[in-house]
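S.K.: Take this structure first; my questions come after.
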Amino acid sequence: MSAQPAGPIDPTRVAGQPRVRRRPGPSLVVGGSIVAAVVLMALLSFVWTPHDPTLVNAAARLRDVGDPEHWLGTDKFGRDVLSQVLVGARTTLFVGVVAVGVAGLLGVPLGVVAAMAPRWVGETLMRAMDLLLAFPALLLAIMFSAVYGGSTLVAMIAIGIATVPSFARIVRSGALQVLSTEYVLAARAAGRRSWGIGLRHVLPNVSSLVIVQASVAFAIAVLAEAALSFLGYGTPPPTPSWGRMLQESQELLFSAPRLAFVPGLAIAVAVLGFNLLGDGLRDRYDPRLEDRR
Amino acid sequence: MSASIVVQDVVRHYRRPRASLLRPSPPVEAVKGVSFEVARGERFGLVGESGSGKSTLLRLIGALDRPTSGQIFVEGMDITGRRERDLGFVRSQLQVVFQDPMGSLDPRMRVRDIIAEPLVAQAGEGSTRDAREARVLELLEAVGLPREAADRFPHQFSGGQRQRISIARALAPRPTILLADEPVSALDVSVRAQVLNLITEFVEELGLTLLFVSHDLSVVRHTCDRVAVMRAGEVVELGPTAQVYDDPQHPYTQQLLRAAPSMRRALRGGGTAELVGGGS
């Protein structure tokens, strides 16, 4: 039993061999570079910083940017700003990973279940998500800090929990779309049960949505940590954090604005980087754009 | 000859969202009281215009949807009112080829995994990775695709090739019944005949029972032994294909046949208006 050959496979789209890839878009390149730079800063800080970031040095207080010994100057205690920025990148990444991890691990399964479970279960779950969404993330984090004590981890778990609804909603709407397709119908006809469909069809097809949402949530978490540290509920001293550097700079805002400018710029650039990365990833991996390649 | 598919008085209503506070919306009656039998090894056609309920009926027979009332038997087993986990029998006996050659293949899966999906999902004893791989390659060859196709993704294929992948997937678990939901209507005319011939060849060689749904009268005539004409959820005429086509009894069938474009009328110089207006 054999059929007549079905004609050549489109030679411009050959898998296995080096695939003809589109050049990555500018936002992916720029965003990816910024994120890579933040990661490199964090890694570098483990092996080398110009000075001990927490070393108080009364002799070198309030050096200006461009000082031969302290390139980005020193704060009012004589601590090296560049070293603090480098070590602060660790805090920033830690914060993002924890918050996005919590949000994704809870939100993605919730979204899939809400889409696949009987209607009333899904509706109940989503109304619960709406309830959580109505609660400001920072307020939740402050409450958690009040109850469990202020630490970066506690604050970020709180931010993560507050971000669960956005993951659950996006995943649910994506999953509903996937569930209405003919390939899910075909999978059922092939004998797949709900679990198999959820794992083999729904999750892979919403993964690009999750990646995009994760990079955006990462940016939000970084901002939230900065805000919390600024308010004194986030990373406790002496661990360097961009948000706390910002807070400590405020009394000297007029005499030494550079102390606010440096961590502020770091936060802004990092957040921009994660947002751009999210945009770029969406352009590249959103299945709905796939045909336009 | 025993019946492969028995449809008894099947009704399927859909609820519409409420439009008024005072009374519920009337339900959509997609299929209203349809009965017929398909003999084992028979090629049975369901024709009708869009919205006539033919695709709904196909989903009901494929146990992908539940009838509001009535019963459906597949190879003697009542499939109505069963839970998904008790439908293994239907899943192994009956497979479906869908209409949309893009939408019916998961864009994130390699062709190998798509074709092997029924085998994985229904994996019993003796289903090893090697056995499945061998089956996938065998099927690829049978539908006229190269072995390398196994490593590719659906978007790397043309519509006709994708439909061949769909057919390979449907044949993977060695079913006895094949349901085809407009399998060629989304394809270019030039590849329609190829895919259609592929289906009929398999049906013949493997002795399958075929339920073929289409709005295209010429395709059904080419493919089927018997045909049922559906309109607004009901079967208005049922009989051997030649008889229904040459001597239609029901006015709707006559209208449908007159509306179908024919080469003779096109050559005679009949314009679109005449072809469309043929039923008045």
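Ligands are numbered from 1 in the order shown, residues from 1 within each chain, and chains are lettered A, B, ... in the order they appear in the structure tokens.
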Distance table requested - chain B against chain A, cut-off 6 Å, only C-alpha atoms: one row per qualifying residue with the closest atom pair and its distance in Å to one decimal, ordered by chain and rising residue number, as a Markdown table.
M.R.:
```
| residue | atom | partner | partner_atom | distance |
| --- | --- | --- | --- | --- |
| B:Arg91 | CA | A:Gly191 | CA | 5.4 |
| B:Gly103 | CA | A:Glu182 | CA | 5.4 |
| B:Ser104 | CA | A:Tyr183 | CA | 4.0 |
| B:Leu105 | CA | A:Tyr183 | CA | 5.1 |
| B:Asp106 | CA | A:Tyr183 | CA | 5.5 |
| B:Pro118 | CA | A:Ala190 | CA | 4.3 |
| B:Ala121 | CA | A:Arg192 | CA | 5.1 |
| B:Ala142 | CA | A:Ser2 | CA | 4.3 |
| B:Val143 | CA | A:Ala3 | CA | 5.4 |
| B:Gly144 | CA | A:Pro5 | CA | 4.4 |
| B:Arg152 | CA | A:Ala15 | CA | 5.8 |
| B:Gln156 | CA | A:Arg13 | CA | 5.9 |
```
S.K.: Please identify all polymer residues within 8 Å of Gly62 of chain B, counting only C-alpha atoms, omitting same-chain residues fewer than 2 positions from it, and present them as JSON, numbers by chain.
M.R.: {"A": [189], "B": [58, 59, 60, 64, 65, 90, 94, 95, 96, 179]}
S.K.: Hey, what's within 10 Å of Leu277 of chain A if we count only C-alpha atoms and toss same-chain stuff fewer than 3 positions away? As a list in words, please?
M.R.: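 Contacts, with the query itself left out: Pro26, Ser27, Leu28, Val29, Val30, Gly31, Gly32, Ser33, Ile34, Val35, Ile211, Val212, Ser215, Val216, Val271, Leu272, Gly273, Phe274, Gly280, Leu281, Arg282 and Asp283 of chain A.
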S.K.: What does the file look like for those residues with C-alpha atoms, as a PDB file, in the first residue's frame?
M.R.:
```pdb
ATOM      1  CA  PRO A  26      15.451  45.050  17.919  1.00  0.00           C
ATOM      2  CA  SER A  27      13.497  44.830  21.163  1.00  0.00           C
ATOM      3  CA  LEU A  28      14.625  41.256  21.651  1.00  0.00           C
ATOM      4  CA  VAL A  29      18.250  42.243  21.066  1.00  0.00           C
ATOM      5  CA  VAL A  30      18.189  45.333  23.269  1.00  0.00           C
ATOM      6  CA  GLY A  31      16.064  43.748  25.991  1.00  0.00           C
ATOM      7  CA  GLY A  32      18.107  40.574  25.942  1.00  0.00           C
ATOM      8  CA  SER A  33      21.366  42.544  26.174  1.00  0.00           C
ATOM      9  CA  ILE A  34      20.145  44.587  29.140  1.00  0.00           C
ATOM     10  CA  VAL A  35      18.942  41.492  30.969  1.00  0.00           C
ATOM     11  CA  ILE A 211       7.098  33.467  28.877  1.00  0.00           C
ATOM     12  CA  VAL A 212       5.926  36.909  27.823  1.00  0.00           C
ATOM     13  CA  SER A 215       9.189  38.832  31.695  1.00  0.00           C
ATOM     14  CA  VAL A 216       6.618  41.552  32.303  1.00  0.00           C
ATOM     15  CA  VAL A 271      12.771  47.236  34.115  1.00  0.00           C
ATOM     16  CA  LEU A 272      12.964  48.507  30.547  1.00  0.00           C
ATOM     17  CA  GLY A 273      15.160  45.546  29.667  1.00  0.00           C
ATOM     18  CA  PHE A 274      12.703  42.976  30.984  1.00  0.00           C
ATOM     19  CA  GLY A 280      10.568  40.725  21.723  1.00  0.00           C
ATOM     20  CA  LEU A 281       9.727  37.229  22.892  1.00  0.00           C
ATOM     21  CA  ARG A 282       6.075  37.783  22.142  1.00  0.00           C
ATOM     22  CA  ASP A 283       6.823  38.974  18.634  1.00  0.00           C
TER      23      ASP A 283
END
```
S.K.: What lies within 7 Å of Ala42 of chain A using only C-alpha atoms, ignoring chain neighbours under 2 positions off, as a list in words?
M.R.: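 Returned residues: Val38, Val39, Leu40, Leu44, Ser45, Phe46, Leu86, Val87, Ala89 and Arg90 of chain A.
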S.K.: State, in Å with one decimal place, the distance from atom CA of Pro27 of chain B to atom CA of Thr68 of chain B.
M.R.: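 Those two atoms sit 11.3 Å apart.
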S.K.: Tell me which protein, DNA and RNA residues are within 10 Å of Leu223 of chain A, counting only C-alpha atoms, leaving out same-chain ones fewer than 3 positions away, and put them as a VMD selection string.
M.R.: chain A and resid 92 95 to 96 217 to 220 226 to 229 242 to 243 267 to 268 270 to 271
S.K.: Those residues you just picked out, can you put them in a file as a short mmCIF file (atom, residue, chain, number, x, y, z; two decimals), in the first residue's frame with C-alpha atoms?
M.R.:
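Full text of again-v2.cif as output:
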```
data_model
loop_
_atom_site.label_atom_id
_atom_site.label_comp_id
_atom_site.auth_asym_id
_atom_site.auth_seq_id
_atom_site.Cartn_x
_atom_site.Cartn_y
_atom_site.Cartn_z
CA THR A 92 17.00 42.38 41.87
CA VAL A 95 13.44 39.15 43.71
CA GLY A 96 12.29 38.59 40.14
CA ALA A 217 5.94 40.24 35.82
CA PHE A 218 9.69 40.19 36.40
CA ALA A 219 9.84 43.90 35.65
CA ILE A 220 6.90 44.58 37.95
CA ALA A 226 12.41 48.90 44.92
CA ALA A 227 9.19 50.48 46.17
CA LEU A 228 9.05 48.23 49.22
CA SER A 229 12.69 48.82 50.08
CA TRP A 242 18.67 49.43 44.44
CA GLY A 243 15.42 50.38 46.14
CA ILE A 267 16.10 50.25 38.18
CA ALA A 268 14.71 52.03 35.12
CA ALA A 270 16.56 46.87 34.23
CA VAL A 271 12.77 47.24 34.12
#
```
